[in-house]
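Everything on this sheet refers to the single structure shown next.
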Amino acid sequence: MATTDIQTLFEAGAHFGFVRARRHPTAAPYLFGTKDRTDIFDLEETTKRLEAARHFVTSMAASGRQVLFVSGKHEALSTVKEVAERIGAPYVAGRWIGGTLTNFKNIRKRIDRLEKLMSERESGALEKYTKRERLMIDREIIELLGRFGGLVKMTDLPVALFIVDSRHENTAVQEANQLKIPVIGLSSSDCDFSLVQYPIPANDTSIRSVTLVTNTIGDAYLEGKSQASSAKPQADSKPQV
C-alpha cells in the first residue's frame, strides 16, 4: 500500500486550515501554528492520521464490508462520486437525506422501488402503460436517482463513513455516532474532531486536497476488496474433510 507523504500533501495545499477565529478547540492538537491569522496543520500528524484511516479502510474492505463515501459540498461532489464509482463503493454526493442510516429500512424500500422501475423500463415492461403514465414513471426514476442513485449497492448499513468536511455533514456524523458507525473525516480546523473516530486533519475546501485524500482512501478500499477477492478462491479450494 503506497503512502501519501508530507511533500505531496503540502503541494496539494492540505496544510491550510481556516482563519484562527473559526478554529474549533478540538483541532488544536493537529495544528503546527498560525500564519497570517490562518491555522496551519501539522502535516506529520496529518500523515499519521491518514495512514491510520487507510489501514482501517483496507481491513474493512478486505472483510467484505462497505464504506459509505459522503459529501454535499460543491468542492467535493464530483470527486466523491467519481472515486466511489471507480472503486464500487456506495456514496452520497449531494444533500444528505435525514434517516439514511437511522431509518435505513425505509430508505432501502425507496432504493428497491428505484431498482424495480429501472428494471421494468429496461425490459420493456412499462410499454403497457400510457404515454402519460410512462412520463410520470420516468420523472419518478429521475427523482429517485437524484436522491438514492449512489446507494443502490448498499444493501445493509455500512461499516464506516468517509466524509469530506465533518462540520458540513453534521447530520450524517450524528446518525453514524448514534449507531456507533465509525466516521473517517477529512476535517479542517473548524470541525469538531471529537465526533470523528478516524480524523484526517487537512484542508477540506481545496479541490486538490480533497481529491488527494479521497483518492487515497478510495485506493485503500480498492486494495481491501482485492485482498478479499484473492482470499475467496483460496478458501474455496480447501480440500473437503
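The way I read the labels, and the way they are meant: chains A, B, ... in the order of the C-alpha cells, residue 1 as the first residue of every chain, and ligand 1 as the first ligand shown, with later ones counted on from there.
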task: Find the spatial neighbours of A:Asn203, counting only C-alpha atoms, within a cut-off of 9 Å - ignore same-chain residues fewer than 6 positions away - and output them as a list of chain:residue names.
output: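 Listing them by chain and then by number gives A:Ala12, A:Gly13, A:Ala14, A:His15, A:Phe16, A:Gly17, A:Phe18, A:Phe41, A:Asp165, A:Leu186, A:Ser187, A:Ser188, A:Ser189, A:Ser209, A:Val210.
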Filtered DSSP result for stretch 8-188 of chain A, state strand (DSSP E or B), as a ChimeraX atom specification: /A:16-19,31-35,38-41,67-71,91-93,160-164,183-187
Based on the selection just made, write N, CA and C atoms of those residues as a PDB file, in the first residue's frame.
```
ATOM      1  N   PHE A  16      -3.370  24.057   4.874  1.00  0.00           N
ATOM      2  CA  PHE A  16      -4.127  25.268   5.198  1.00  0.00           C
ATOM      3  C   PHE A  16      -5.452  24.948   5.885  1.00  0.00           C
ATOM      4  N   GLY A  17      -5.637  25.544   7.079  1.00  0.00           N
ATOM      5  CA  GLY A  17      -6.927  25.475   7.748  1.00  0.00           C
ATOM      6  C   GLY A  17      -7.681  26.771   7.499  1.00  0.00           C
ATOM      7  N   PHE A  18      -8.596  27.096   8.412  1.00  0.00           N
ATOM      8  CA  PHE A  18      -9.335  28.351   8.300  1.00  0.00           C
ATOM      9  C   PHE A  18      -8.674  29.416   9.174  1.00  0.00           C
ATOM     10  N   VAL A  19      -9.230  30.614   9.140  1.00  0.00           N
ATOM     11  CA  VAL A  19      -8.707  31.676   9.998  1.00  0.00           C
ATOM     12  C   VAL A  19      -8.854  31.245  11.455  1.00  0.00           C
ATOM     13  N   LEU A  31      -2.559  21.082  14.875  1.00  0.00           N
ATOM     14  CA  LEU A  31      -2.042  22.294  14.244  1.00  0.00           C
ATOM     15  C   LEU A  31      -0.556  22.503  14.514  1.00  0.00           C
ATOM     16  N   PHE A  32       0.123  23.001  13.486  1.00  0.00           N
ATOM     17  CA  PHE A  32       1.542  23.344  13.603  1.00  0.00           C
ATOM     18  C   PHE A  32       1.703  24.766  14.131  1.00  0.00           C
ATOM     19  N   GLY A  33       0.779  25.627  13.718  1.00  0.00           N
ATOM     20  CA  GLY A  33       0.839  27.016  14.149  1.00  0.00           C
ATOM     21  C   GLY A  33      -0.130  27.860  13.346  1.00  0.00           C
ATOM     22  N   THR A  34       0.117  29.164  13.329  1.00  0.00           N
ATOM     23  CA  THR A  34      -0.737  30.100  12.609  1.00  0.00           C
ATOM     24  C   THR A  34       0.125  31.042  11.773  1.00  0.00           C
ATOM     25  N   LYS A  35      -0.300  31.293  10.551  1.00  0.00           N
ATOM     26  CA  LYS A  35       0.411  32.233   9.692  1.00  0.00           C
ATOM     27  C   LYS A  35      -0.598  33.181   9.058  1.00  0.00           C
ATOM     28  N   THR A  38      -4.125  32.516   9.732  1.00  0.00           N
ATOM     29  CA  THR A  38      -4.681  31.269   9.198  1.00  0.00           C
ATOM     30  C   THR A  38      -4.029  30.076   9.884  1.00  0.00           C
ATOM     31  N   ASP A  39      -4.847  29.142  10.353  1.00  0.00           N
ATOM     32  CA  ASP A  39      -4.318  27.942  11.001  1.00  0.00           C
ATOM     33  C   ASP A  39      -3.574  27.073   9.989  1.00  0.00           C
ATOM     34  N   ILE A  40      -2.445  26.526  10.425  1.00  0.00           N
ATOM     35  CA  ILE A  40      -1.632  25.649   9.581  1.00  0.00           C
ATOM     36  C   ILE A  40      -1.559  24.275  10.241  1.00  0.00           C
ATOM     37  N   PHE A  41      -1.941  23.253   9.492  1.00  0.00           N
ATOM     38  CA  PHE A  41      -1.920  21.894  10.036  1.00  0.00           C
ATOM     39  C   PHE A  41      -0.498  21.348  10.109  1.00  0.00           C
ATOM     40  N   VAL A  67     -17.819   0.743   2.889  1.00  0.00           N
ATOM     41  CA  VAL A  67     -17.621   2.082   3.434  1.00  0.00           C
ATOM     42  C   VAL A  67     -18.426   3.048   2.571  1.00  0.00           C
ATOM     43  N   LEU A  68     -19.232   3.879   3.212  1.00  0.00           N
ATOM     44  CA  LEU A  68     -20.066   4.843   2.500  1.00  0.00           C
ATOM     45  C   LEU A  68     -19.319   6.169   2.365  1.00  0.00           C
ATOM     46  N   PHE A  69     -19.167   6.655   1.128  1.00  0.00           N
ATOM     47  CA  PHE A  69     -18.481   7.918   0.854  1.00  0.00           C
ATOM     48  C   PHE A  69     -19.513   9.045   0.806  1.00  0.00           C
ATOM     49  N   VAL A  70     -19.237  10.143   1.513  1.00  0.00           N
ATOM     50  CA  VAL A  70     -20.244  11.195   1.677  1.00  0.00           C
ATOM     51  C   VAL A  70     -19.650  12.593   1.526  1.00  0.00           C
ATOM     52  N   SER A  71     -20.313  13.420   0.738  1.00  0.00           N
ATOM     53  CA  SER A  71     -20.052  14.860   0.751  1.00  0.00           C
ATOM     54  C   SER A  71     -21.134  15.592  -0.017  1.00  0.00           C
ATOM     55  N   TYR A  91     -22.285   5.768  -2.228  1.00  0.00           N
ATOM     56  CA  TYR A  91     -21.939   7.163  -1.963  1.00  0.00           C
ATOM     57  C   TYR A  91     -23.172   8.048  -1.893  1.00  0.00           C
ATOM     58  N   VAL A  92     -23.000   9.173  -1.221  1.00  0.00           N
ATOM     59  CA  VAL A  92     -23.970  10.264  -1.232  1.00  0.00           C
ATOM     60  C   VAL A  92     -23.198  11.496  -1.675  1.00  0.00           C
ATOM     61  N   ALA A  93     -23.434  11.940  -2.895  1.00  0.00           N
ATOM     62  CA  ALA A  93     -22.775  13.130  -3.435  1.00  0.00           C
ATOM     63  C   ALA A  93     -23.854  14.184  -3.647  1.00  0.00           C
ATOM     64  N   ALA A 160     -18.537   1.820   7.956  1.00  0.00           N
ATOM     65  CA  ALA A 160     -17.950   3.123   8.270  1.00  0.00           C
ATOM     66  C   ALA A 160     -18.372   4.143   7.223  1.00  0.00           C
ATOM     67  N   LEU A 161     -18.192   5.411   7.554  1.00  0.00           N
ATOM     68  CA  LEU A 161     -18.431   6.507   6.620  1.00  0.00           C
ATOM     69  C   LEU A 161     -17.127   7.253   6.377  1.00  0.00           C
ATOM     70  N   PHE A 162     -16.861   7.580   5.108  1.00  0.00           N
ATOM     71  CA  PHE A 162     -15.795   8.528   4.783  1.00  0.00           C
ATOM     72  C   PHE A 162     -16.477   9.825   4.400  1.00  0.00           C
ATOM     73  N   ILE A 163     -16.184  10.888   5.141  1.00  0.00           N
ATOM     74  CA  ILE A 163     -16.874  12.158   4.959  1.00  0.00           C
ATOM     75  C   ILE A 163     -15.888  13.279   4.661  1.00  0.00           C
ATOM     76  N   VAL A 164     -16.206  14.074   3.657  1.00  0.00           N
ATOM     77  CA  VAL A 164     -15.441  15.286   3.378  1.00  0.00           C
ATOM     78  C   VAL A 164     -16.140  16.443   4.078  1.00  0.00           C
ATOM     79  N   VAL A 183     -16.628   7.059  11.865  1.00  0.00           N
ATOM     80  CA  VAL A 183     -16.548   8.098  10.843  1.00  0.00           C
ATOM     81  C   VAL A 183     -15.086   8.403  10.537  1.00  0.00           C
ATOM     82  N   ILE A 184     -14.742   8.340   9.256  1.00  0.00           N
ATOM     83  CA  ILE A 184     -13.438   8.782   8.768  1.00  0.00           C
ATOM     84  C   ILE A 184     -13.686  10.162   8.183  1.00  0.00           C
ATOM     85  N   GLY A 185     -13.124  11.186   8.780  1.00  0.00           N
ATOM     86  CA  GLY A 185     -13.473  12.530   8.356  1.00  0.00           C
ATOM     87  C   GLY A 185     -12.314  13.384   7.900  1.00  0.00           C
ATOM     88  N   LEU A 186     -12.348  13.816   6.637  1.00  0.00           N
ATOM     89  CA  LEU A 186     -11.432  14.855   6.175  1.00  0.00           C
ATOM     90  C   LEU A 186     -11.960  16.148   6.767  1.00  0.00           C
ATOM     91  N   SER A 187     -11.260  16.685   7.759  1.00  0.00           N
ATOM     92  CA  SER A 187     -11.807  17.771   8.570  1.00  0.00           C
ATOM     93  C   SER A 187     -10.826  18.924   8.698  1.00  0.00           C
TER      94      SER A 187
END
```
- prompt: Which one is closest to A:Asn103: A:Gln7, A:Thr211, A:Thr216, A:Gln178? Count only C-alpha atoms.
  reply: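 Once distances to A:Asn103 are computed over only C-alpha atoms, the minimum belongs to A:Gln178.
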task: From a DSSP calculation on the backbone, collect every residue of stretch 156-191 of chain A in alpha helix (DSSP H) and output the set as a PyMOL selection string.
output: chain A and resi 170-178
Contacts of A:Leu222 within 9 Å, only C-alpha atoms, excl. fewer than 3 positions in-chain, as a VMD selection string: chain A and resid 58 61 to 62 86 to 88 217 to 219 225 to 227
task: Figure out the distance between atom CA of A:Lys116 and atom CA of A:Thr155, please, to one decimal in Å.
output: 14.6 Å
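Picture a line from atom CA of A:Gly224 to atom CA of A:Lys81; it runs 19.3 Å.
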message: Calculated over only C-alpha atoms, which of the candidates A:His24, A:Lys131, A:Ile111, A:Ala176 has the smallest distance to A:Glu143?
response: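 Nearest to A:Glu143: A:Ile111.
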Would you list the contacts of A:Gln197 as a PDB file with N, CA and C atoms, in the first residue's frame, taking every protein, DNA or RNA residue within 10 Å and counting only C-alpha atoms, but skipping same-chain residues closer than 2 positions in sequence?
```
ATOM      1  N   ALA A  53      -6.247   5.829   8.910  1.00  0.00           N
ATOM      2  CA  ALA A  53      -7.533   5.711   8.221  1.00  0.00           C
ATOM      3  C   ALA A  53      -7.436   4.741   7.056  1.00  0.00           C
ATOM      4  N   ALA A 160     -18.537   1.820   7.956  1.00  0.00           N
ATOM      5  CA  ALA A 160     -17.950   3.123   8.270  1.00  0.00           C
ATOM      6  C   ALA A 160     -18.372   4.143   7.223  1.00  0.00           C
ATOM      7  N   ASN A 177     -22.752   8.404  14.599  1.00  0.00           N
ATOM      8  CA  ASN A 177     -22.417   8.326  16.021  1.00  0.00           C
ATOM      9  C   ASN A 177     -23.518   7.638  16.817  1.00  0.00           C
ATOM     10  N   LYS A 180     -23.179   4.091  16.315  1.00  0.00           N
ATOM     11  CA  LYS A 180     -21.808   3.630  16.609  1.00  0.00           C
ATOM     12  C   LYS A 180     -21.094   3.118  15.351  1.00  0.00           C
ATOM     13  N   ILE A 181     -21.354   3.808  14.237  1.00  0.00           N
ATOM     14  CA  ILE A 181     -20.653   3.530  12.986  1.00  0.00           C
ATOM     15  C   ILE A 181     -19.466   4.488  12.902  1.00  0.00           C
ATOM     16  N   PRO A 182     -18.238   3.992  12.796  1.00  0.00           N
ATOM     17  CA  PRO A 182     -17.066   4.871  12.764  1.00  0.00           C
ATOM     18  C   PRO A 182     -17.097   5.848  11.589  1.00  0.00           C
ATOM     19  N   VAL A 183     -16.628   7.059  11.865  1.00  0.00           N
ATOM     20  CA  VAL A 183     -16.548   8.098  10.843  1.00  0.00           C
ATOM     21  C   VAL A 183     -15.086   8.403  10.537  1.00  0.00           C
ATOM     22  N   ILE A 184     -14.742   8.340   9.256  1.00  0.00           N
ATOM     23  CA  ILE A 184     -13.438   8.782   8.768  1.00  0.00           C
ATOM     24  C   ILE A 184     -13.686  10.162   8.183  1.00  0.00           C
ATOM     25  N   GLY A 185     -13.124  11.186   8.780  1.00  0.00           N
ATOM     26  CA  GLY A 185     -13.473  12.530   8.356  1.00  0.00           C
ATOM     27  C   GLY A 185     -12.314  13.384   7.900  1.00  0.00           C
ATOM     28  N   PHE A 193     -13.462  17.577  16.148  1.00  0.00           N
ATOM     29  CA  PHE A 193     -12.751  16.318  15.943  1.00  0.00           C
ATOM     30  C   PHE A 193     -13.188  15.232  16.923  1.00  0.00           C
ATOM     31  N   SER A 194     -13.875  15.607  17.990  1.00  0.00           N
ATOM     32  CA  SER A 194     -14.320  14.611  18.968  1.00  0.00           C
ATOM     33  C   SER A 194     -15.430  13.725  18.419  1.00  0.00           C
ATOM     34  N   LEU A 195     -16.055  14.144  17.311  1.00  0.00           N
ATOM     35  CA  LEU A 195     -17.155  13.378  16.720  1.00  0.00           C
ATOM     36  C   LEU A 195     -16.674  12.416  15.639  1.00  0.00           C
ATOM     37  N   PRO A 199     -10.030  10.858  12.279  1.00  0.00           N
ATOM     38  CA  PRO A 199      -9.909  12.184  11.666  1.00  0.00           C
ATOM     39  C   PRO A 199      -8.707  12.279  10.734  1.00  0.00           C
ATOM     40  N   ILE A 200      -8.900  12.999   9.643  1.00  0.00           N
ATOM     41  CA  ILE A 200      -7.800  13.331   8.735  1.00  0.00           C
ATOM     42  C   ILE A 200      -7.725  14.856   8.724  1.00  0.00           C
TER      43      ILE A 200
END
```
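Between A:Ala231 and the residues A:Gly99, A:Ala21, A:Gly64, A:Thr8, the shortest atom-to-atom distance, using only C-alpha atoms, involves A:Gly64.
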